[in-house]
Amino acid sequence: MTDFVDSFEDEDPFDSAGLRLTVDLTALTENWKDMARRSGKARAAAVVKADAYGTGIEDAGEALFMAGARDFFVATVDEGVTLRPYAPDARIFVLSGIWPGTERRFFENDLVPVISSEEQLAFWMAVLAEYGDYPCVLHVDTGFNRLGLSMNEAIALANDVSRPASFAPVLVMSHLACSDDHSSDMNRQQLESFRQVKAAYEGIDASLAASAGIFLGSDYHFDLTRPGIAIYGGEAVNGLANPMRPVVTAEARVLQVRTAKTDETVGYGRAMQLTRDSRLAIVSAGYADGYLRSQSSGGVPLRQVVSQGGYGFVAGRKIPVAGRVTMDLTIFDVTDLPEDAVRAGDYVELFGKNVLVDDVARAAGTIGYEILTSIGLRHERRYLYEED
């Protein structure tokens, strides 16, 4: 029995995984360098929240650190703790801020809280009174109505001569609501509001632009930019060609290729009726893996609005989803491919270089962010990196 088991030790799980992701770390770092150049005189941070947009915060974070990133943004303290060994002397900013019970992890891992509310500010002042000087970031709302101190609160704080000397923000930041739409008046309105904040905190670094905001131009760059989706290959600005390199390729294994006759139906709810004799490839990925059900070719509400469902790529051709995406399985129509072009054990690209993640997102009625951060809940992952 031992000999039988030992004979499998050299097998790579990636080669037979039902769903596998290939993350091109070279493309990732080149995208970050591109965004750093576009940031002009401003430094470029790297946003690595949501497990680095699904690419793996440890490997992606280390690659970005080696490429020169020295400022990182994460969503939670847990993400900051995970990242710290891979970005040893970088500043790591925690967007969800600090709450009672998390102080020790902040201090032990040299994490910087982003203070976004009066409640967090009051707690932070109490922390400083007990532990002494420690850096923080102030997040100011300039019209988004999401997180952030109000303009009045932020400016009053800047002018408060009674605030403790230990209170020393290293950055003030805000977030643009409509930066993916360069025609929106909201961008200029928020810019003018943020300039007031910047003036109130003279001498302190400022940050307004994330990925799409960087493309708005130098007025929006200030001292630090925060590229996120763009460095992972996603489309940052609506209606513009995406200059970023694809980073993630998702592939699902073909479990079976079957034939079906004209007028037969496919999948749950008879969502698709065949208009010709067809060949169907059933692959090992579904909505439990983050391949969204809304990409179904029929039987979902979105198809009443957007007629085209999702598609994959195999044997040099795009292939459409047939019927509904299900929990663990998705069916693709491979009728237009040569009969021997797709076999059980082959892999269909769900997105990557041949099927762009944002095209997949449009078919699903969402954005590339959701696809990247959802895909791969059950997967094997490998990394590609070209040494300089």
# chains A, B, ... in the order shown; residues from 1 in each chain; ligands from 1
>>> residues_around(residues="stretch 151-168 of chain A", least_positions_apart="4", cutoff="9 Å", atoms="only C-alpha atoms", output="list of chain:residue names")
A:Glu118, A:Trp124, A:Met125, A:Leu128, A:Ala129, A:Gly132, A:Asp133, A:Tyr134, A:Pro135, A:Cys136, A:Val137, A:Leu138, A:His139, A:Val140, A:Asp141, A:Thr142, A:Ser193, A:Phe194, A:Gln196, A:Val197, A:Ala200, A:Tyr201
>>> residues_around(residues="A:Ala364", least_positions_apart="5", cutoff="8 Å", atoms="only C-alpha atoms", output="PyMOL selection string")
chain A and resi 292-295+302+309-310
>>> atom_distance(atom1="atom CA of A:Tyr53", atom2="atom CA of A:Ala236")
13.9 Å
>>> atom_distance(atom1="atom CA of A:Ile282", atom2="atom CA of A:Lys318")
15.1 Å
>>> atom_distance(atom1="atom CA of A:Ser278", atom2="atom CA of A:Thr259")
5.7 Å
>>> residues_around(residues="stretch 34-36 of chain A", least_positions_apart="5", cutoff="8 Å", atoms="only C-alpha atoms", output="list in words")
Ala42, Arg43, Ala44, Ser211, Ile214, Pro227, Ala230 and Ile231 of chain A
>>> write_last_selection(atoms="N, CA and C atoms", output="CSV table (one decimal), in the first residue's frame")
chain,number,residue,atom,x,y,z
A,42,ALA,N,3.8,61.8,-7.6
A,42,ALA,CA,3.2,61.1,-6.4
A,42,ALA,C,3.8,59.7,-6.3
A,43,ARG,N,3.9,59.3,-5.1
A,43,ARG,CA,4.3,57.9,-4.8
A,43,ARG,C,3.0,57.0,-5.1
A,44,ALA,N,3.2,55.8,-5.6
A,44,ALA,CA,2.1,54.9,-5.8
A,44,ALA,C,2.1,53.8,-4.7
A,211,SER,N,-7.3,53.7,-8.6
A,211,SER,CA,-6.9,53.4,-10.0
A,211,SER,C,-7.5,54.4,-11.0
A,214,ILE,N,-6.3,58.0,-10.9
A,214,ILE,CA,-5.0,58.3,-11.5
A,214,ILE,C,-5.1,58.7,-12.9
A,227,PRO,N,-3.4,52.7,-6.5
A,227,PRO,CA,-3.9,51.8,-7.5
A,227,PRO,C,-4.3,50.4,-6.9
A,230,ALA,N,-6.5,48.2,-11.3
A,230,ALA,CA,-5.7,48.3,-12.5
A,230,ALA,C,-4.4,47.4,-12.4
A,231,ILE,N,-3.8,47.3,-11.2
A,231,ILE,CA,-2.6,46.5,-11.1
A,231,ILE,C,-2.9,45.0,-11.3
>>> closest_residue(among="A:Val300, A:Ala361, A:Met327, A:Leu147", to="A:Gly234", atoms="only C-alpha atoms")
A:Ala361
>>> closest_residue(among="A:Ala17, A:Val47, A:Leu121, A:Leu25", to="A:Val94", atoms="only C-alpha atoms")
A:Val47
>>> select_by_dssp(residues="stretch 219-376 of chain A", states="alpha helix (DSSP H)", output="ChimeraX atom specification")
/A:357-363,368-374
>>> select_by_dssp(residues="stretch 97-306 of chain A", states="strand (DSSP E)", output="ChimeraX atom specification")
/A:111-115,136-139,169-173,205-207,224-225,248-260,265-266,272-273,278-283
>>> residues_around(residues="stretch 344-348 of chain A", least_positions_apart="2", cutoff="12 Å", atoms="only C-alpha atoms", output="ChimeraX atom specification")
/A:14-21,249-258,280-285,311-321,330-334,340-342,350-352,354-355
>>> write_last_selection(atoms="C-alpha atoms", output="PDB file, in the first residue's frame")
ATOM      1  CA  PHE A  14      -2.498  21.921 -10.270  1.00  0.00           C
ATOM      2  CA  ASP A  15      -2.380  19.573 -13.268  1.00  0.00           C
ATOM      3  CA  SER A  16      -5.637  17.867 -12.343  1.00  0.00           C
ATOM      4  CA  ALA A  17      -7.521  20.535 -10.385  1.00  0.00           C
ATOM      5  CA  GLY A  18     -11.180  21.109 -11.153  1.00  0.00           C
ATOM      6  CA  LEU A  19     -10.543  24.862 -11.112  1.00  0.00           C
ATOM      7  CA  ARG A  20      -7.108  26.385 -11.365  1.00  0.00           C
ATOM      8  CA  LEU A  21      -5.784  29.931 -11.321  1.00  0.00           C
ATOM      9  CA  THR A 249      -6.127  33.178 -15.822  1.00  0.00           C
ATOM     10  CA  ALA A 250      -8.921  30.939 -14.513  1.00  0.00           C
ATOM     11  CA  GLU A 251      -9.426  27.524 -16.080  1.00  0.00           C
ATOM     12  CA  ALA A 252     -11.971  24.771 -15.405  1.00  0.00           C
ATOM     13  CA  ARG A 253     -11.476  21.094 -16.209  1.00  0.00           C
ATOM     14  CA  VAL A 254     -13.737  19.400 -18.754  1.00  0.00           C
ATOM     15  CA  LEU A 255     -15.428  16.451 -17.031  1.00  0.00           C
ATOM     16  CA  GLN A 256     -17.436  15.201 -20.001  1.00  0.00           C
ATOM     17  CA  VAL A 257     -18.256  16.002 -23.616  1.00  0.00           C
ATOM     18  CA  ARG A 258     -21.739  14.835 -24.586  1.00  0.00           C
ATOM     19  CA  LEU A 280     -21.691  20.117 -24.882  1.00  0.00           C
ATOM     20  CA  ALA A 281     -18.631  20.302 -22.611  1.00  0.00           C
ATOM     21  CA  ILE A 282     -19.390  20.102 -18.890  1.00  0.00           C
ATOM     22  CA  VAL A 283     -16.694  21.751 -16.775  1.00  0.00           C
ATOM     23  CA  SER A 284     -15.874  21.598 -13.084  1.00  0.00           C
ATOM     24  CA  ALA A 285     -16.718  25.122 -11.919  1.00  0.00           C
ATOM     25  CA  TYR A 311     -18.416  32.418 -22.691  1.00  0.00           C
ATOM     26  CA  GLY A 312     -15.118  30.594 -22.301  1.00  0.00           C
ATOM     27  CA  PHE A 313     -12.168  29.802 -24.548  1.00  0.00           C
ATOM     28  CA  VAL A 314     -10.702  26.491 -25.663  1.00  0.00           C
ATOM     29  CA  ALA A 315      -8.911  25.148 -28.714  1.00  0.00           C
ATOM     30  CA  GLY A 316      -8.472  28.636 -30.123  1.00  0.00           C
ATOM     31  CA  ARG A 317     -12.168  29.581 -30.055  1.00  0.00           C
ATOM     32  CA  LYS A 318     -14.662  31.301 -27.814  1.00  0.00           C
ATOM     33  CA  ILE A 319     -17.449  29.012 -26.639  1.00  0.00           C
ATOM     34  CA  PRO A 320     -20.768  30.176 -25.101  1.00  0.00           C
ATOM     35  CA  VAL A 321     -22.277  29.059 -21.815  1.00  0.00           C
ATOM     36  CA  THR A 330     -21.085  24.846 -16.099  1.00  0.00           C
ATOM     37  CA  ILE A 331     -22.017  23.692 -19.589  1.00  0.00           C
ATOM     38  CA  PHE A 332     -20.390  25.158 -22.697  1.00  0.00           C
ATOM     39  CA  ASP A 333     -21.495  24.693 -26.281  1.00  0.00           C
ATOM     40  CA  VAL A 334     -18.535  23.343 -28.310  1.00  0.00           C
ATOM     41  CA  ASP A 340     -11.815  16.010 -31.505  1.00  0.00           C
ATOM     42  CA  ALA A 341     -10.804  19.528 -30.364  1.00  0.00           C
ATOM     43  CA  VAL A 342     -12.162  19.185 -26.810  1.00  0.00           C
ATOM     44  CA  LEU A 350     -13.044  31.098 -17.966  1.00  0.00           C
ATOM     45  CA  PHE A 351     -11.114  34.346 -18.198  1.00  0.00           C
ATOM     46  CA  GLY A 352      -7.547  35.416 -18.839  1.00  0.00           C
ATOM     47  CA  ASN A 354      -8.367  35.289 -24.400  1.00  0.00           C
ATOM     48  CA  VAL A 355     -11.487  36.104 -22.392  1.00  0.00           C
TER      49      VAL A 355
END
>>> residues_around(residues="A:Ile57", least_positions_apart="2", cutoff="8 Å", atoms="only C-alpha atoms", output="PyMOL selection string")
chain A and resi 48-49+51-52+54-55+59-61+79+82-83
